[in-house]
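Q: Following this line is run24.txt, made up of compact mmCIF, C-alpha atoms:
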```
# COMPACT_ATOMS: atom_id res chain seq x y z
CA MET F 1418 -40.88 5.30 241.52
CA LYS F 1419 -40.56 2.94 244.47
CA THR F 1420 -37.73 3.31 246.92
CA PRO F 1421 -36.78 0.46 249.25
CA SER F 1422 -36.79 1.26 252.94
CA ASP F 1423 -33.18 0.06 253.41
CA GLY F 1424 -31.92 3.05 251.46
CA SER F 1425 -30.23 1.06 248.73
CA LEU F 1426 -29.56 2.38 245.26
CA THR F 1427 -32.39 1.37 243.01
CA LYS F 1428 -33.44 1.90 239.45
CA PRO F 1429 -36.98 2.97 238.70
CA SER F 1430 -39.14 -0.04 238.04
CA SER F 1431 -42.00 -0.32 235.65
CA PRO F 1432 -45.27 -0.17 237.59
CA GLU F 1433 -47.24 -1.98 234.91
CA ILE F 1434 -45.48 -5.36 235.05
CA PRO F 1435 -44.99 -6.99 238.44
CA PRO F 1436 -41.47 -8.38 239.02
CA GLU F 1437 -42.59 -12.02 239.01
CA ARG F 1438 -44.12 -11.66 235.55
CA ARG F 1439 -41.17 -9.93 233.94
CA PRO F 1440 -39.22 -12.09 231.45
CA LEU F 1441 -35.86 -13.38 232.58
CA TRP F 1442 -33.96 -11.55 229.86
CA SER F 1443 -35.06 -8.18 231.21
CA GLU F 1444 -33.01 -8.86 234.36
CA GLU F 1445 -30.02 -10.27 232.53
CA PHE F 1446 -29.96 -7.55 229.92
CA SER F 1447 -29.81 -4.49 232.10
CA VAL F 1448 -30.48 -1.74 229.61
CA HIS F 1449 -33.40 0.52 230.41
CA ALA F 1450 -34.65 2.24 227.30
CA ALA F 1451 -36.50 4.93 229.21
CA GLU F 1452 -33.35 5.92 231.09
CA ASP F 1453 -31.35 5.76 227.89
CA ASN F 1454 -33.58 8.48 226.46
CA TYR F 1455 -33.40 10.60 229.60
CA VAL F 1456 -31.65 13.88 228.84
CA LEU F 1457 -30.34 16.08 231.61
CA ARG F 1458 -30.72 19.83 231.28
CA ARG F 1459 -26.94 20.05 231.38
CA GLN F 1460 -26.67 17.66 228.43
CA PHE F 1461 -29.30 19.61 226.56
CA THR F 1462 -27.49 22.89 227.16
CA LYS F 1463 -24.25 21.26 226.08
CA PHE F 1464 -25.93 20.32 222.81
CA LEU F 1465 -27.08 23.94 222.37
CA VAL F 1466 -23.55 25.20 223.03
CA LEU F 1467 -22.16 22.75 220.48
CA THR F 1468 -24.70 24.05 217.97
CA SER F 1469 -23.50 27.55 218.77
CA PHE F 1470 -19.94 26.43 218.15
CA GLY F 1471 -20.99 24.98 214.79
CA MET F 1472 -22.49 28.30 213.74
CA PHE F 1473 -19.37 30.13 214.88
CA VAL F 1474 -17.29 27.80 212.70
CA GLY F 1475 -19.68 28.53 209.84
CA ASN F 1476 -19.11 32.28 210.25
CA LEU F 1477 -15.35 31.71 210.39
CA TRP F 1478 -15.56 29.65 207.20
CA ILE F 1479 -17.36 32.51 205.44
CA TRP F 1480 -14.66 34.92 206.59
CA VAL F 1481 -11.85 32.64 205.36
CA ARG F 1482 -13.62 32.19 202.04
CA SER F 1483 -13.97 35.95 201.72
CA LEU F 1484 -10.21 36.33 202.22
CA PHE F 1485 -9.30 33.93 199.45
CA GLY F 1486 -12.17 34.48 197.08
CA LYS F 1487 -11.86 38.16 196.28
CA ALA F 1488 -10.68 37.74 192.72
CA ARG F 1489 -13.60 38.02 190.37
CA PRO F 1490 -13.94 35.17 187.90
CA GLU F 1491 -13.07 35.82 184.31
CA PHE F 1492 -15.85 35.20 181.86
CA ALA F 1493 -15.23 34.11 178.31
CA GLU F 1494 -16.83 36.04 175.51
CA ALA F 1495 -19.67 34.31 173.71
CA ALA F 1496 -21.86 35.29 170.77
CA VAL F 1497 -25.40 34.91 172.00
CA ALA F 1498 -27.67 36.46 169.35
CA ASN F 1499 -28.01 38.24 166.04
CA ALA F 1500 -28.49 41.96 166.31
CA THR F 1501 -31.57 41.94 164.10
CA GLU F 1502 -33.42 38.97 165.48
CA ILE F 1503 -34.94 40.71 168.53
CA PRO F 1504 -37.56 43.39 167.80
CA PRO F 1505 -38.32 46.16 170.32
CA GLY F 1506 -40.15 44.52 173.23
CA GLY F 1507 -38.83 41.14 172.09
CA VAL F 1508 -37.07 38.57 174.20
CA LYS F 1509 -34.37 35.97 173.59
CA LEU F 1510 -33.26 33.29 176.01
CA PHE F 1511 -29.67 32.09 176.09
CA THR F 1512 -27.18 30.57 178.50
CA TYR F 1513 -24.10 32.35 179.78
CA PRO F 1514 -21.39 31.84 181.01
CA THR F 1515 -22.11 28.10 181.35
CA PRO F 1516 -24.94 26.01 179.91
CA ASN F 1517 -26.39 25.86 183.43
CA ASP F 1518 -26.82 29.64 183.67
CA PRO F 1519 -29.99 30.68 181.82
CA CYS F 1520 -30.22 34.34 180.83
CA ILE F 1521 -32.87 36.53 179.31
CA MET F 1522 -32.16 39.28 176.76
CA ILE F 1523 -34.69 42.03 176.13
CA ARG F 1524 -34.73 44.81 173.57
CA LYS F 1525 -36.28 47.83 175.21
CA ALA F 1526 -38.65 50.18 173.42
CA ASN F 1527 -35.79 52.62 172.77
CA GLY F 1528 -33.84 49.86 171.00
CA GLU F 1529 -31.31 49.24 173.76
CA LEU F 1530 -30.48 45.63 174.58
CA VAL F 1531 -30.23 44.44 178.15
CA ALA F 1532 -29.62 40.95 179.51
CA TYR F 1533 -29.94 39.46 182.97
CA GLY F 1534 -29.53 36.11 184.61
CA GLN F 1535 -32.90 34.40 184.49
CA LYS F 1536 -32.74 32.76 187.92
CA CYS F 1537 -34.68 34.69 190.53
CA THR F 1538 -32.38 35.59 193.43
CA HIS F 1539 -35.00 34.35 195.86
CA LEU F 1540 -35.40 30.65 195.05
CA SER F 1541 -34.05 30.40 191.49
CA CYS F 1542 -37.36 30.29 189.64
CA ALA F 1543 -37.12 31.47 186.04
CA VAL F 1544 -38.11 35.10 185.62
CA TYR F 1545 -39.95 36.27 182.49
CA TYR F 1546 -40.46 39.60 180.80
CA SER F 1547 -43.86 41.21 181.36
CA ARG F 1548 -44.42 43.50 178.39
CA GLU F 1549 -47.56 45.07 179.95
CA ASN F 1550 -45.72 46.15 183.09
CA ASN F 1551 -42.31 46.52 181.44
CA ARG F 1552 -40.54 44.56 184.15
CA LEU F 1553 -39.13 41.12 184.86
CA GLU F 1554 -41.43 39.01 186.98
CA CYS F 1555 -40.92 35.85 188.96
CA PRO F 1556 -44.12 33.77 188.92
CA CYS F 1557 -43.30 31.78 192.06
CA HIS F 1558 -43.53 34.46 194.75
CA GLU F 1559 -44.30 37.60 192.75
CA GLY F 1560 -40.86 39.10 192.85
CA TYR F 1561 -40.50 41.93 190.36
CA PHE F 1562 -37.26 43.31 188.88
CA SER F 1563 -36.52 46.53 187.03
CA ILE F 1564 -35.77 46.08 183.37
CA GLU F 1565 -33.40 49.09 183.51
CA THR F 1566 -31.07 47.89 186.25
CA GLY F 1567 -32.27 44.47 187.41
CA ASP F 1568 -33.00 45.89 190.87
CA VAL F 1569 -35.74 44.38 193.01
CA LEU F 1570 -38.98 46.36 192.72
CA GLN F 1571 -41.16 44.19 194.91
CA GLY F 1572 -41.30 40.84 196.61
CA PRO F 1573 -38.98 38.53 198.50
CA PRO F 1574 -35.86 38.49 196.27
CA PRO F 1575 -32.94 39.79 198.35
CA ARG F 1576 -30.66 40.86 195.49
CA PRO F 1577 -30.86 42.30 191.99
CA LEU F 1578 -30.59 40.01 189.01
CA PRO F 1579 -27.02 39.66 187.73
CA ARG F 1580 -26.66 41.83 184.66
CA ILE F 1581 -24.83 40.52 181.60
CA ARG F 1582 -22.43 42.82 179.77
CA LEU F 1583 -23.34 42.97 176.10
CA GLU F 1584 -21.49 44.34 173.12
CA GLN F 1585 -22.55 44.54 169.50
CA ARG F 1586 -19.94 43.41 166.98
CA GLY F 1587 -21.27 43.74 163.48
CA ASP F 1588 -24.52 41.86 163.45
CA ARG F 1589 -23.58 39.72 166.44
CA ILE F 1590 -24.43 40.36 170.06
CA VAL F 1591 -21.57 39.18 172.26
CA ALA F 1592 -21.80 38.55 176.01
CA MET F 1593 -18.67 39.96 177.68
CA GLY F 1594 -19.15 39.05 181.31
CA VAL F 1595 -21.29 39.82 184.33
CA TYR F 1596 -21.45 43.22 186.00
CA PRO F 1597 -20.41 43.14 189.66
CA ALA F 1598 -23.25 43.53 192.12
CA PRO F 1599 -23.69 47.17 193.16
CA GLU F 1600 -22.67 48.08 196.69
CA GLY F 1601 -25.41 47.83 199.26
CA SER F 1602 -27.44 45.28 197.32
CA MET O 1059 -41.93 14.81 244.71
CA LYS O 1060 -40.55 16.11 247.96
CA ALA O 1061 -37.14 17.01 246.57
CA PHE O 1062 -38.53 19.44 244.01
CA SER O 1063 -40.57 21.34 246.56
CA HIS O 1064 -37.45 22.39 248.47
CA PRO O 1065 -37.18 26.20 248.15
CA VAL O 1066 -33.47 26.17 247.31
CA ARG O 1067 -34.13 23.64 244.57
CA VAL O 1068 -37.01 25.64 243.19
CA LYS O 1069 -34.88 28.79 243.02
CA ARG O 1070 -32.10 26.87 241.38
CA ARG O 1071 -34.42 25.31 238.85
CA VAL O 1072 -35.87 28.70 237.91
CA ALA O 1073 -32.34 30.11 237.52
CA ILE O 1074 -31.26 27.22 235.32
CA GLU O 1075 -34.36 27.46 233.16
CA ALA O 1076 -33.79 31.20 232.76
CA ILE O 1077 -30.21 30.53 231.68
CA MET O 1078 -31.39 27.92 229.17
CA VAL O 1079 -33.85 30.41 227.70
CA MET O 1080 -31.01 32.93 227.36
CA VAL O 1081 -28.86 30.33 225.59
CA ILE O 1082 -31.70 29.61 223.17
CA ILE O 1083 -32.18 33.33 222.47
CA LEU O 1084 -28.44 33.75 221.83
CA LEU O 1085 -28.58 30.75 219.53
CA MET O 1086 -31.41 32.27 217.51
CA ILE O 1087 -29.47 35.53 217.15
CA GLN O 1088 -26.42 33.56 216.03
CA MET O 1089 -28.49 31.65 213.50
CA TRP O 1090 -29.83 34.88 212.05
CA LEU O 1091 -26.30 36.30 211.96
CA LEU O 1092 -25.00 33.28 210.07
CA THR O 1093 -27.73 33.45 207.43
CA ALA O 1094 -27.34 37.22 207.02
CA THR O 1095 -23.56 36.95 206.64
CA LEU O 1096 -23.88 34.08 204.18
CA GLU O 1097 -26.47 35.99 202.19
CA SER O 1098 -24.20 39.01 202.05
CA PHE O 1099 -21.20 36.88 201.06
CA LEU O 1100 -23.11 35.16 198.26
CA ALA O 1101 -24.20 38.58 197.01
CA GLY O 1102 -20.52 39.39 196.49
CA HIS O 1103 -19.97 41.56 199.56
CA ALA O 1104 -17.28 40.28 201.89
CA ASP O 1105 -17.35 43.32 204.19
CA ALA O 1106 -19.72 41.72 206.69
CA ALA O 1107 -17.72 38.48 206.99
CA LEU O 1108 -15.22 39.59 209.64
CA PRO O 1109 -17.67 41.47 211.92
CA GLY O 1110 -20.07 38.56 211.56
CA ALA O 1111 -17.40 36.05 212.60
CA LEU O 1112 -16.33 38.20 215.56
CA LEU O 1113 -19.87 38.71 216.77
CA SER O 1114 -20.63 35.02 216.33
CA GLY O 1115 -17.53 34.23 218.43
CA VAL O 1116 -18.74 36.59 221.17
CA LEU O 1117 -22.16 34.92 221.16
CA PHE O 1118 -20.52 31.50 221.34
CA LEU O 1119 -18.42 32.60 224.32
CA ALA O 1120 -21.55 33.93 226.00
CA CYS O 1121 -23.21 30.54 225.47
CA VAL O 1122 -20.16 28.81 226.98
CA ALA O 1123 -20.29 31.15 229.98
CA LEU O 1124 -23.99 30.44 230.50
CA TYR O 1125 -23.35 26.70 230.22
CA TRP O 1126 -20.62 27.02 232.81
CA MET O 1127 -23.10 28.75 235.11
CA ILE O 1128 -25.53 25.84 234.69
CA VAL O 1129 -22.79 23.34 235.52
CA ARG O 1130 -21.86 25.31 238.62
CA LEU O 1131 -25.46 25.62 239.74
CA ASP O 1132 -26.01 21.90 239.22
CA ARG O 1133 -22.95 20.96 241.23
CA ALA O 1134 -23.16 23.52 244.03
CA PRO O 1135 -24.16 22.01 247.38
CA GLU O 1136 -27.53 23.06 248.68
CA ARG O 1137 -27.74 24.63 252.09
CA ASP O 1138 -29.97 22.94 254.69
CA GLU O 1139 -30.83 20.27 252.25
CA GLU O 1140 -31.91 16.81 253.04
CA PRO O 1141 -30.51 13.87 251.03
CA HIS O 1142 -32.01 13.90 247.61
CA GLY O 1143 -32.10 11.94 244.40
CA LEU O 1144 -30.14 12.61 241.25
CA GLY O 1145 -31.92 12.07 237.97
CA PRO O 1146 -33.74 8.75 237.82
CA TRP O 1147 -31.76 7.33 240.72
CA ASN O 1148 -32.74 7.49 244.36
CA ILE O 1149 -29.92 7.64 246.91
CA GLN O 1150 -30.95 7.77 250.50
```
Would you kindly transcribe this structure into structure tokens?
A:
Amino acid sequence: MKTPSDGSLTKPSSPEIPPERRPLWSEEFSVHAAEDNYVLRRQFTKFLVLTSFGMFVGNLWIWVRSLFGKARPEFAEAAVANATEIPPGGVKLFTYPTPNDPCIMIRKANGELVAYGQKCTHLSCAVYYSRENNRLECPCHEGYFSIETGDVLQGPPPRPLPRIRLEQRGDRIVAMGVYPAPEGS
Amino acid sequence: MKAFSHPVRVKRRVAIEAIMVMVIILLMIQMWLLTATLESFLAGHADAALPGALLSGVLFLACVALYWMIVRLDRAPERDEEPHGLGPWNIQ
């Protein structure tokens, strides 16, 4: 950066192009792209502080949502299967409570029926029933879930699978809702 | 680069860089806090929402305080200092 000896205020000049060879517009149009991109440490820290403020607002938003969203949603009942169509060790897929919520129903070896949401709680891959290991497995990142409770046995999923409440009415299996997540999960 | 070799300037620059590192560390903690609180909230547990918001507010205030320190350090006059440049400009 050259500084004139008279002590005047100068802008840094480009060393590559001598002043006599610079186009006329570069003098008339006095915007210097390099200076435009120059970020002071104070500006950078201000950006970091603004990011911090954004995350604080995000935390506040979660708190406000938690104040107004305590009521658990009501789920409509829906007949999802025939009682006789699933043999022990068998599986039936259905959707509940909306068509966008895939679920998996399994009849255990002792005859008991259990149903869980089929979306892995890690990244929403579809879990499947592994008869050999008697557990629900997510093929994406090898997350395993207990068939008894839906709890995570291994892998990256942070929460258990949501468990569907089932009731047998005659020869129909009716979904009654979703069990609340256990404390601490 | 005569101006940057001045001992007061060097000390000040080190202090400001240390403060910036602290701000970045606080920001990373706040980011982790936000994701953990959101994860807990989406799991159906609202217990962590209020402590998370309070702690996030404290971290934000700490960031503001550190930023204020940087502003003060940047603006404070330097003792025994010769005229120096500011940013890309040269004032002599």
Q: If you count only C-alpha atoms, which residues fall within 7 Å of segment 1492-1500 of chain F, apart from same-chain ones fewer than 5 positions away, as a PDB file with C-alpha atoms, keeping the file's coordinate frame?
A:
```pdb
ATOM      1  CA  PHE F1511     -29.670  32.090 176.090  1.00  0.00           C
ATOM      2  CA  PRO F1514     -21.390  31.840 181.010  1.00  0.00           C
ATOM      3  CA  ASP F1588     -24.520  41.860 163.450  1.00  0.00           C
ATOM      4  CA  ARG F1589     -23.580  39.720 166.440  1.00  0.00           C
ATOM      5  CA  ILE F1590     -24.430  40.360 170.060  1.00  0.00           C
ATOM      6  CA  VAL F1591     -21.570  39.180 172.260  1.00  0.00           C
ATOM      7  CA  ALA F1592     -21.800  38.550 176.010  1.00  0.00           C
ATOM      8  CA  MET F1593     -18.670  39.960 177.680  1.00  0.00           C
ATOM      9  CA  GLY F1594     -19.150  39.050 181.310  1.00  0.00           C
TER      10      GLY F1594
END
```
Q: Considering only C-alpha atoms, tabulate each residue of chain O that lies at most 8 Å from chain F along with its nearest interatomic pair and the corresponding distance in Å to one decimal; arrange the rows by chain and ascending residue number and present them as a tab-separated table.
A:
```
residue	atom	partner	partner_atom	distance
O:Met1078	CA	F:Thr1462	CA	6.7
O:Val1081	CA	F:Leu1465	CA	7.4
O:Ile1082	CA	F:Leu1465	CA	7.4
O:Leu1085	CA	F:Ser1469	CA	6.1
O:Gln1088	CA	F:Met1472	CA	7.0
O:Met1089	CA	F:Met1472	CA	6.9
O:Leu1092	CA	F:Asn1476	CA	6.0
O:Thr1095	CA	F:Asn1476	CA	7.4
O:Leu1096	CA	F:Ile1479	CA	6.8
O:Phe1099	CA	F:Ile1479	CA	7.3
O:Ala1101	CA	F:Arg1576	CA	7.0
O:Gly1102	CA	F:Ala1598	CA	6.6
O:His1103	CA	F:Glu1600	CA	7.6
O:Ala1104	CA	F:Ser1483	CA	5.5
O:Ala1107	CA	F:Trp1480	CA	4.7
O:Leu1108	CA	F:Trp1480	CA	5.6
O:Gly1110	CA	F:Asn1476	CA	6.5
O:Ala1111	CA	F:Asn1476	CA	4.8
O:Ser1114	CA	F:Phe1473	CA	5.3
O:Gly1115	CA	F:Phe1473	CA	5.7
O:Leu1117	CA	F:Ser1469	CA	7.9
O:Phe1118	CA	F:Ser1469	CA	5.6
O:Cys1121	CA	F:Val1466	CA	5.9
O:Val1122	CA	F:Val1466	CA	6.3
O:Tyr1125	CA	F:Thr1462	CA	6.4
O:Ile1128	CA	F:Arg1459	CA	6.8
O:Val1129	CA	F:Arg1459	CA	6.7
O:Gly1145	CA	F:Leu1457	CA	7.7
O:Pro1146	CA	F:Pro1429	CA	6.7
O:Trp1147	CA	F:Lys1428	CA	5.8
O:Asn1148	CA	F:Leu1426	CA	6.1
O:Ile1149	CA	F:Leu1426	CA	5.5
O:Gln1150	CA	F:Gly1424	CA	4.9
```
Q: Neighbouring residues of Ile1503 of chain F were defined as those with any atom within 10 Å, considering only C-alpha atoms; residues of the same chain fewer than 3 positions away were excluded. Please report them as a PyMOL selection string.
A: chain F and resi 1498-1500+1506-1509+1522-1525+1528+1530
Q: Which residue gives the smallest distance to Trp1126 of chain O among O:Val1079, O:Leu1112, O:Ala1106, O:Ile1074, with only C-alpha atoms counted?
A: O:Ile1074
Q: Atom CA of Leu1553 of chain F and atom CA of His1539 of chain F are how many Å apart?
A: 13.6 Å
Q: I'd like the interatomic distance between atom CA of Phe1562 of chain F and atom CA of Asn1517 of chain F, to a tenth of an Å.
A: 21.3 Å
Q: At what distance in Å, to one decimal, does atom CA of Thr1566 of chain F lie from atom CA of Arg1548 of chain F?
A: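 A separation of 16.1 Å between them.
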